[in-house]
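Below is the file work_31.pdb, which contains PDB, C-alpha atoms and all ligand atoms.
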ATOM      1  CA  MET A   1      73.348 -46.307 -46.911  1.00  0.00           C
ATOM      2  CA  ALA A   2      76.919 -47.461 -46.436  1.00  0.00           C
ATOM      3  CA  LYS A   3      78.015 -50.905 -45.340  1.00  0.00           C
ATOM      4  CA  GLU A   4      77.793 -51.231 -41.562  1.00  0.00           C
ATOM      5  CA  ARG A   5      78.140 -53.857 -38.838  1.00  0.00           C
ATOM      6  CA  THR A   6      75.769 -55.045 -36.154  1.00  0.00           C
ATOM      7  CA  PHE A   7      75.913 -57.485 -33.261  1.00  0.00           C
ATOM      8  CA  SER A   8      73.760 -60.617 -33.091  1.00  0.00           C
ATOM      9  CA  MET A   9      73.407 -63.404 -30.536  1.00  0.00           C
ATOM     10  CA  ILE A  10      71.614 -66.725 -31.021  1.00  0.00           C
ATOM     11  CA  LYS A  11      70.057 -67.421 -27.618  1.00  0.00           C
ATOM     12  CA  PRO A  12      70.056 -70.651 -25.545  1.00  0.00           C
ATOM     13  CA  ASP A  13      66.535 -71.748 -26.548  1.00  0.00           C
ATOM     14  CA  ALA A  14      67.657 -71.765 -30.197  1.00  0.00           C
ATOM     15  CA  THR A  15      71.036 -73.463 -29.696  1.00  0.00           C
ATOM     16  CA  ALA A  16      69.236 -76.149 -27.623  1.00  0.00           C
ATOM     17  CA  ARG A  17      66.986 -76.894 -30.613  1.00  0.00           C
ATOM     18  CA  ASN A  18      69.943 -76.991 -33.044  1.00  0.00           C
ATOM     19  CA  LEU A  19      68.718 -73.967 -35.025  1.00  0.00           C
ATOM     20  CA  THR A  20      72.039 -72.165 -35.605  1.00  0.00           C
ATOM     21  CA  GLY A  21      72.226 -73.098 -39.293  1.00  0.00           C
ATOM     22  CA  LYS A  22      68.609 -72.222 -40.048  1.00  0.00           C
ATOM     23  CA  ILE A  23      68.982 -68.839 -38.336  1.00  0.00           C
ATOM     24  CA  ASN A  24      72.254 -68.102 -40.119  1.00  0.00           C
ATOM     25  CA  ALA A  25      70.572 -68.929 -43.445  1.00  0.00           C
ATOM     26  CA  LYS A  26      68.051 -66.128 -42.781  1.00  0.00           C
ATOM     27  CA  PHE A  27      70.883 -63.583 -42.470  1.00  0.00           C
ATOM     28  CA  GLU A  28      72.703 -64.822 -45.560  1.00  0.00           C
ATOM     29  CA  GLU A  29      69.531 -64.994 -47.696  1.00  0.00           C
ATOM     30  CA  ARG A  30      68.913 -61.302 -46.922  1.00  0.00           C
ATOM     31  CA  GLY A  31      72.473 -60.253 -47.783  1.00  0.00           C
ATOM     32  CA  LEU A  32      74.006 -59.976 -44.321  1.00  0.00           C
ATOM     33  CA  ARG A  33      77.472 -61.518 -44.090  1.00  0.00           C
ATOM     34  CA  ILE A  34      78.604 -63.298 -40.884  1.00  0.00           C
ATOM     35  CA  VAL A  35      82.062 -61.731 -40.456  1.00  0.00           C
ATOM     36  CA  ALA A  36      82.703 -63.093 -36.931  1.00  0.00           C
ATOM     37  CA  GLN A  37      81.122 -65.875 -34.917  1.00  0.00           C
ATOM     38  CA  LYS A  38      81.829 -67.886 -31.760  1.00  0.00           C
ATOM     39  CA  ARG A  39      79.946 -70.225 -29.431  1.00  0.00           C
ATOM     40  CA  LEU A  40      80.266 -69.648 -25.692  1.00  0.00           C
ATOM     41  CA  ARG A  41      78.604 -69.903 -22.297  1.00  0.00           C
ATOM     42  CA  LEU A  42      77.825 -66.539 -20.745  1.00  0.00           C
ATOM     43  CA  SER A  43      78.540 -65.989 -17.060  1.00  0.00           C
ATOM     44  CA  ARG A  44      75.932 -64.290 -14.865  1.00  0.00           C
ATOM     45  CA  LEU A  45      78.278 -61.330 -14.431  1.00  0.00           C
ATOM     46  CA  GLN A  46      78.735 -60.926 -18.192  1.00  0.00           C
ATOM     47  CA  THR A  47      75.007 -61.247 -18.822  1.00  0.00           C
ATOM     48  CA  ARG A  48      74.091 -58.692 -16.156  1.00  0.00           C
ATOM     49  CA  GLU A  49      76.547 -56.250 -17.730  1.00  0.00           C
ATOM     50  CA  PHE A  50      75.414 -56.971 -21.291  1.00  0.00           C
ATOM     51  CA  TYR A  51      71.758 -56.333 -20.372  1.00  0.00           C
ATOM     52  CA  ILE A  52      72.485 -53.551 -17.820  1.00  0.00           C
ATOM     53  CA  ILE A  53      70.040 -51.234 -19.640  1.00  0.00           C
ATOM     54  CA  HIS A  54      67.233 -53.556 -18.447  1.00  0.00           C
ATOM     55  CA  LYS A  55      68.395 -53.804 -14.811  1.00  0.00           C
ATOM     56  CA  ASP A  56      65.259 -52.184 -13.389  1.00  0.00           C
ATOM     57  CA  ARG A  57      62.804 -54.122 -15.551  1.00  0.00           C
ATOM     58  CA  PRO A  58      60.771 -56.888 -13.839  1.00  0.00           C
ATOM     59  CA  PHE A  59      62.088 -59.561 -16.228  1.00  0.00           C
ATOM     60  CA  TYR A  60      65.806 -58.808 -15.643  1.00  0.00           C
ATOM     61  CA  GLU A  61      66.707 -61.697 -13.297  1.00  0.00           C
ATOM     62  CA  GLU A  62      64.648 -64.162 -15.322  1.00  0.00           C
ATOM     63  CA  LEU A  63      66.403 -62.953 -18.469  1.00  0.00           C
ATOM     64  CA  VAL A  64      69.830 -63.442 -16.867  1.00  0.00           C
ATOM     65  CA  GLU A  65      69.004 -66.999 -15.720  1.00  0.00           C
ATOM     66  CA  TYR A  66      67.707 -67.910 -19.172  1.00  0.00           C
ATOM     67  CA  MET A  67      70.754 -66.474 -20.961  1.00  0.00           C
ATOM     68  CA  VAL A  68      73.159 -68.540 -18.822  1.00  0.00           C
ATOM     69  CA  SER A  69      71.089 -71.741 -19.187  1.00  0.00           C
ATOM     70  CA  GLY A  70      72.936 -72.942 -22.299  1.00  0.00           C
ATOM     71  CA  PRO A  71      75.390 -71.967 -25.019  1.00  0.00           C
ATOM     72  CA  VAL A  72      74.930 -68.876 -27.162  1.00  0.00           C
ATOM     73  CA  ILE A  73      76.408 -67.923 -30.542  1.00  0.00           C
ATOM     74  CA  VAL A  74      77.746 -64.367 -30.683  1.00  0.00           C
ATOM     75  CA  GLN A  75      78.133 -62.878 -34.136  1.00  0.00           C
ATOM     76  CA  VAL A  76      79.036 -59.802 -36.115  1.00  0.00           C
ATOM     77  CA  LEU A  77      76.870 -59.240 -39.196  1.00  0.00           C
ATOM     78  CA  GLU A  78      77.935 -56.915 -42.008  1.00  0.00           C
ATOM     79  CA  GLY A  79      75.974 -55.384 -44.871  1.00  0.00           C
ATOM     80  CA  GLU A  80      74.032 -52.406 -46.179  1.00  0.00           C
ATOM     81  CA  ASP A  81      71.977 -50.876 -43.361  1.00  0.00           C
ATOM     82  CA  ALA A  82      72.858 -53.908 -41.211  1.00  0.00           C
ATOM     83  CA  VAL A  83      71.363 -52.668 -37.906  1.00  0.00           C
ATOM     84  CA  VAL A  84      67.887 -51.970 -39.278  1.00  0.00           C
ATOM     85  CA  LYS A  85      67.945 -54.889 -41.707  1.00  0.00           C
ATOM     86  CA  ASN A  86      68.865 -57.314 -38.916  1.00  0.00           C
ATOM     87  CA  ARG A  87      66.004 -56.040 -36.730  1.00  0.00           C
ATOM     88  CA  GLU A  88      63.649 -56.707 -39.679  1.00  0.00           C
ATOM     89  CA  ILE A  89      65.006 -60.231 -40.146  1.00  0.00           C
ATOM     90  CA  MET A  90      64.634 -60.887 -36.380  1.00  0.00           C
ATOM     91  CA  GLY A  91      61.038 -59.667 -36.043  1.00  0.00           C
ATOM     92  CA  ALA A  92      59.240 -58.197 -33.024  1.00  0.00           C
ATOM     93  CA  THR A  93      60.380 -59.024 -29.471  1.00  0.00           C
ATOM     94  CA  ASP A  94      57.255 -61.122 -28.840  1.00  0.00           C
ATOM     95  CA  PRO A  95      57.121 -63.934 -31.437  1.00  0.00           C
ATOM     96  CA  ALA A  96      53.308 -63.668 -31.339  1.00  0.00           C
ATOM     97  CA  ASN A  97      53.612 -60.161 -32.837  1.00  0.00           C
ATOM     98  CA  ALA A  98      56.469 -60.929 -35.243  1.00  0.00           C
ATOM     99  CA  ALA A  99      55.919 -60.806 -39.016  1.00  0.00           C
ATOM    100  CA  VAL A 100      55.717 -63.984 -41.076  1.00  0.00           C
ATOM    101  CA  GLY A 101      59.138 -65.207 -42.202  1.00  0.00           C
ATOM    102  CA  THR A 102      61.073 -63.550 -39.371  1.00  0.00           C
ATOM    103  CA  ILE A 103      63.389 -65.513 -37.068  1.00  0.00           C
ATOM    104  CA  ARG A 104      61.272 -64.852 -33.987  1.00  0.00           C
ATOM    105  CA  LYS A 105      58.034 -65.840 -35.752  1.00  0.00           C
ATOM    106  CA  GLU A 106      59.504 -69.114 -37.003  1.00  0.00           C
ATOM    107  CA  PHE A 107      61.714 -70.064 -34.081  1.00  0.00           C
ATOM    108  CA  GLY A 108      60.822 -67.997 -30.987  1.00  0.00           C
ATOM    109  CA  GLU A 109      58.950 -69.742 -28.155  1.00  0.00           C
ATOM    110  CA  ASP A 110      57.688 -66.711 -26.208  1.00  0.00           C
ATOM    111  CA  ILE A 111      58.587 -63.076 -25.385  1.00  0.00           C
ATOM    112  CA  GLY A 112      61.508 -64.209 -23.205  1.00  0.00           C
ATOM    113  CA  ARG A 113      62.742 -67.254 -25.130  1.00  0.00           C
ATOM    114  CA  ASN A 114      62.711 -65.498 -28.479  1.00  0.00           C
ATOM    115  CA  ALA A 115      65.703 -67.155 -30.213  1.00  0.00           C
ATOM    116  CA  ILE A 116      67.818 -64.112 -31.040  1.00  0.00           C
ATOM    117  CA  HIS A 117      69.262 -60.816 -29.842  1.00  0.00           C
ATOM    118  CA  GLY A 118      70.193 -57.990 -32.206  1.00  0.00           C
ATOM    119  CA  SER A 119      71.521 -54.474 -31.593  1.00  0.00           C
ATOM    120  CA  ASP A 120      68.819 -51.809 -31.809  1.00  0.00           C
ATOM    121  CA  ALA A 121      71.010 -48.868 -32.960  1.00  0.00           C
ATOM    122  CA  ALA A 122      74.450 -48.138 -34.418  1.00  0.00           C
ATOM    123  CA  ASP A 123      75.976 -46.989 -31.107  1.00  0.00           C
ATOM    124  CA  ALA A 124      74.649 -50.087 -29.305  1.00  0.00           C
ATOM    125  CA  ALA A 125      76.033 -52.255 -32.124  1.00  0.00           C
ATOM    126  CA  ALA A 126      79.532 -50.800 -31.735  1.00  0.00           C
ATOM    127  CA  GLN A 127      79.430 -51.263 -27.968  1.00  0.00           C
ATOM    128  CA  GLU A 128      78.074 -54.844 -28.142  1.00  0.00           C
ATOM    129  CA  ILE A 129      80.622 -55.875 -30.792  1.00  0.00           C
ATOM    130  CA  ARG A 130      83.435 -54.528 -28.574  1.00  0.00           C
ATOM    131  CA  PHE A 131      81.994 -56.415 -25.589  1.00  0.00           C
ATOM    132  CA  PHE A 132      82.646 -59.784 -27.287  1.00  0.00           C
ATOM    133  CA  PHE A 133      85.152 -59.347 -30.118  1.00  0.00           C
ATOM    134  CA  SER A 134      88.574 -57.875 -30.734  1.00  0.00           C
ATOM    135  CA  ASP A 135      89.346 -56.353 -34.151  1.00  0.00           C
ATOM    136  CA  ILE A 136      91.429 -59.308 -35.331  1.00  0.00           C
ATOM    137  CA  GLU A 137      88.495 -61.683 -34.771  1.00  0.00           C
ATOM    138  CA  ILE A 138      86.347 -59.809 -37.315  1.00  0.00           C
ATOM    139  CA  VAL A 139      87.128 -60.646 -40.920  1.00  0.00           C
ATOM    140  CA  GLY A 140      85.011 -58.809 -43.492  1.00  0.00           C
TER
HETATM  141  N1  LIG T   1      62.220 -59.776 -22.407  1.00  0.00           N
HETATM  142  C1  LIG T   1      61.418 -60.514 -21.539  1.00  0.00           C
HETATM  143  N2  LIG T   1      60.178 -60.005 -21.198  1.00  0.00           N
HETATM  144  C2  LIG T   1      59.714 -58.816 -21.688  1.00  0.00           C
HETATM  145  C3  LIG T   1      60.528 -58.077 -22.550  1.00  0.00           C
HETATM  146  C4  LIG T   1      61.770 -58.581 -22.898  1.00  0.00           C
HETATM  147  O1  LIG T   1      61.804 -61.580 -21.084  1.00  0.00           O
HETATM  148  O2  LIG T   1      58.593 -58.414 -21.338  1.00  0.00           O
HETATM  149  C5  LIG T   1      63.539 -60.314 -22.786  1.00  0.00           C
HETATM  150  C6  LIG T   1      63.554 -60.867 -24.218  1.00  0.00           C
HETATM  151  O3  LIG T   1      64.420 -62.004 -24.251  1.00  0.00           O
HETATM  152  C7  LIG T   1      64.104 -59.705 -25.003  1.00  0.00           C
HETATM  153  C8  LIG T   1      65.140 -59.127 -24.026  1.00  0.00           C
HETATM  154  O4  LIG T   1      64.507 -59.262 -22.750  1.00  0.00           O
HETATM  155  O5  LIG T   1      64.670 -60.107 -26.224  1.00  0.00           O
HETATM  156  C9  LIG T   1      65.535 -57.692 -24.260  1.00  0.00           C
HETATM  157  O6  LIG T   1      64.352 -56.903 -24.332  1.00  0.00           O
HETATM  158  P1  LIG T   1      64.205 -55.739 -25.424  1.00  0.00           P
HETATM  159  O7  LIG T   1      63.010 -54.923 -25.037  1.00  0.00           O
HETATM  160  O8  LIG T   1      65.516 -55.031 -25.586  1.00  0.00           O
HETATM  161  O9  LIG T   1      63.811 -56.536 -26.765  1.00  0.00           O
HETATM  162  P2  LIG T   1      64.676 -56.860 -28.083  1.00  0.00           P
HETATM  163  O10 LIG T   1      65.564 -55.679 -28.362  1.00  0.00           O
HETATM  164  O11 LIG T   1      65.446 -58.128 -27.804  1.00  0.00           O
HETATM  165  O12 LIG T   1      63.636 -57.053 -29.163  1.00  0.00           O
HETATM  166 MG    MG T   2      66.871 -54.678 -27.115  1.00  0.00          MG
END

Can you give me the file's structure in the form of structure tokens?
Ligand code: UDP
Ligand code: MG
Amino acid sequence: MAKERTFSMIKPDATARNLTGKINAKFEERGLRIVAQKRLRLSRLQTREFYIIHKDRPFYEELVEYMVSGPVIVQVLEGEDAVVKNREIMGATDPANAAVGTIRKEFGEDIGRNAIHGSDAADAAAQEIRFFFSDIEIVG
């Protein structure tokens, strides 16, 4: 598997609890390199667009309100098999079902406030990276 990039976002519940460093350590320990990173507040418009795939799900509006409730850290992670590896490091969507040692198991509060977002496929990763970063902001 060649080196690839994926998109990651540390969510407001995790930034509120000052967990950015501990979460980043999980990526670095597993060989993913943080090649771009910035802290920002999402707007409702941005969040609705980012999560447009979920627009008909019952949790959509709640998800949008939660994502705008505090700062997030958007990131590009690079490494071998980065998309799949990052999903492994994150753990299952619901922290109660996440494997021991994963970010969501250790730091997630519930299925909504689950500490981290990560792209679920290569095409989503490319699209999500483009949504937040220009090429000159990514330094591998
Ligand atoms: N989510 C929620 N309730 C649910 C399912 C998902 O609030 O029943 C939120 C949760 O924050 C999750 C996000 O919506 O991370 C996106 O859901 P998805 O199914 O894409 O999970 P993920 O890819 O983040 O594991
Ligand atoms: Mg998803």

Problem set entry | Surroundings of ligand MG 2 (chain T) up to 9 Å, based on all atoms listed in the file, as a PyMOL selection string | chain A and resi 51+53-54+93+117-120

What would the selection look like, as a tab-separated table (two decimals) with C-alpha atoms, keeping the file's coordinate frame, if the PyMOL selection byres (((not hetatm)) within 9 of (chain T and resi 1)) were run on the coordinates I just shared?
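The result, stored in selection_0.tsv:
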chain	number	residue	atom	x	y	z
A	11	LYS	CA	70.06	-67.42	-27.62
A	51	TYR	CA	71.76	-56.33	-20.37
A	53	ILE	CA	70.04	-51.23	-19.64
A	54	HIS	CA	67.23	-53.56	-18.45
A	57	ARG	CA	62.80	-54.12	-15.55
A	58	PRO	CA	60.77	-56.89	-13.84
A	59	PHE	CA	62.09	-59.56	-16.23
A	60	TYR	CA	65.81	-58.81	-15.64
A	62	GLU	CA	64.65	-64.16	-15.32
A	63	LEU	CA	66.40	-62.95	-18.47
A	64	VAL	CA	69.83	-63.44	-16.87
A	66	TYR	CA	67.71	-67.91	-19.17
A	67	MET	CA	70.75	-66.47	-20.96
A	87	ARG	CA	66.00	-56.04	-36.73
A	90	MET	CA	64.63	-60.89	-36.38
A	91	GLY	CA	61.04	-59.67	-36.04
A	92	ALA	CA	59.24	-58.20	-33.02
A	93	THR	CA	60.38	-59.02	-29.47
A	94	ASP	CA	57.26	-61.12	-28.84
A	110	ASP	CA	57.69	-66.71	-26.21
A	111	ILE	CA	58.59	-63.08	-25.38
A	112	GLY	CA	61.51	-64.21	-23.20
A	113	ARG	CA	62.74	-67.25	-25.13
A	114	ASN	CA	62.71	-65.50	-28.48
A	115	ALA	CA	65.70	-67.16	-30.21
A	116	ILE	CA	67.82	-64.11	-31.04
A	117	HIS	CA	69.26	-60.82	-29.84
A	118	GLY	CA	70.19	-57.99	-32.21
A	119	SER	CA	71.52	-54.47	-31.59
A	120	ASP	CA	68.82	-51.81	-31.81

For this session: Run the PyMOL selection byres (((chain A and resi 132) around 10) and not hetatm) against the file shown and list the residues it catches, as a ChimeraX atom specification.
Result: /A:7,37-38,46,50,74-76,127-131,133-134,137

Exercise. Which polymer residues have any atom within 8 Å of an atom of A:Gly31, counting all atoms listed in the file, with same-chain residues fewer than 3 positions away left out, as a PyMOL selection string?
Worked result: chain A and resi 27-28+79

Could you save those same residues with C-alpha atoms as a PDB file, in the coordinates of the input?
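Okay, result03.pdb is ready:
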ATOM      1  CA  PHE A  27      70.883 -63.583 -42.470  1.00  0.00           C
ATOM      2  CA  GLU A  28      72.703 -64.822 -45.560  1.00  0.00           C
ATOM      3  CA  GLY A  79      75.974 -55.384 -44.871  1.00  0.00           C
TER       4      GLY A  79
END

Problem set entry | Picked residues, the PyMOL selection byres (((chain A and resi 68) around 9) and not hetatm), as number ranges by chain | A: 12, 41-44, 47, 63-67, 69-72

Written record: stretch 79-102 of chain A, N, CA and C atoms, as a compact mmCIF listing (two decimals), in the first residue's frame:
# COMPACT_ATOMS: atom_id res chain seq x y z
N GLY A 79 0.41 8.75 5.64
CA GLY A 79 1.12 7.51 5.98
C GLY A 79 0.65 6.36 5.13
N GLU A 80 1.24 5.19 5.36
CA GLU A 80 0.83 3.97 4.66
C GLU A 80 -0.63 3.68 5.00
N ASP A 81 -1.46 3.50 3.99
CA ASP A 81 -2.84 3.06 4.23
C ASP A 81 -3.57 4.00 5.23
N ALA A 82 -3.34 5.30 5.06
CA ALA A 82 -3.75 6.28 6.09
C ALA A 82 -5.25 6.27 6.37
N VAL A 83 -6.09 6.07 5.34
CA VAL A 83 -7.54 6.15 5.55
C VAL A 83 -7.99 5.04 6.50
N VAL A 84 -7.62 3.82 6.17
CA VAL A 84 -8.03 2.66 6.97
C VAL A 84 -7.34 2.69 8.33
N LYS A 85 -6.06 3.01 8.34
CA LYS A 85 -5.32 3.04 9.61
C LYS A 85 -5.93 4.07 10.56
N ASN A 86 -6.29 5.24 10.03
CA ASN A 86 -6.89 6.27 10.88
C ASN A 86 -8.22 5.81 11.46
N ARG A 87 -9.04 5.13 10.63
CA ARG A 87 -10.32 4.62 11.16
C ARG A 87 -10.08 3.61 12.28
N GLU A 88 -9.01 2.83 12.18
CA GLU A 88 -8.67 1.88 13.26
C GLU A 88 -8.26 2.63 14.53
N ILE A 89 -7.46 3.67 14.36
CA ILE A 89 -6.98 4.44 15.52
C ILE A 89 -8.15 5.15 16.19
N MET A 90 -9.13 5.60 15.38
CA MET A 90 -10.31 6.31 15.92
C MET A 90 -11.21 5.38 16.72
N GLY A 91 -11.49 4.20 16.20
CA GLY A 91 -12.44 3.27 16.81
C GLY A 91 -13.85 3.51 16.30
N ALA A 92 -14.78 2.64 16.74
CA ALA A 92 -16.17 2.68 16.27
C ALA A 92 -16.85 3.99 16.63
N THR A 93 -17.88 4.34 15.82
CA THR A 93 -18.61 5.61 16.01
C THR A 93 -19.09 5.78 17.45
N ASP A 94 -19.67 4.71 18.01
CA ASP A 94 -20.15 4.76 19.40
C ASP A 94 -19.02 4.32 20.32
N PRO A 95 -18.53 5.22 21.17
CA PRO A 95 -17.41 4.87 22.06
C PRO A 95 -17.65 3.59 22.86
N ALA A 96 -18.92 3.29 23.14
CA ALA A 96 -19.24 2.06 23.89
C ALA A 96 -18.86 0.81 23.11
N ASN A 97 -18.83 0.91 21.78
CA ASN A 97 -18.47 -0.24 20.94
C ASN A 97 -17.03 -0.18 20.43
N ALA A 98 -16.29 0.85 20.80
CA ALA A 98 -14.94 1.05 20.26
C ALA A 98 -13.94 0.14 20.98
N ALA A 99 -12.93 -0.31 20.24
CA ALA A 99 -11.91 -1.21 20.81
C ALA A 99 -11.03 -0.47 21.82
N VAL A 100 -10.51 -1.24 22.75
CA VAL A 100 -9.60 -0.70 23.76
C VAL A 100 -8.40 -0.03 23.08
N GLY A 101 -8.01 1.13 23.58
CA GLY A 101 -6.85 1.83 23.04
C GLY A 101 -7.18 2.82 21.94
N THR A 102 -8.41 2.77 21.41
CA THR A 102 -8.78 3.71 20.35
C THR A 102 -9.12 5.08 20.94
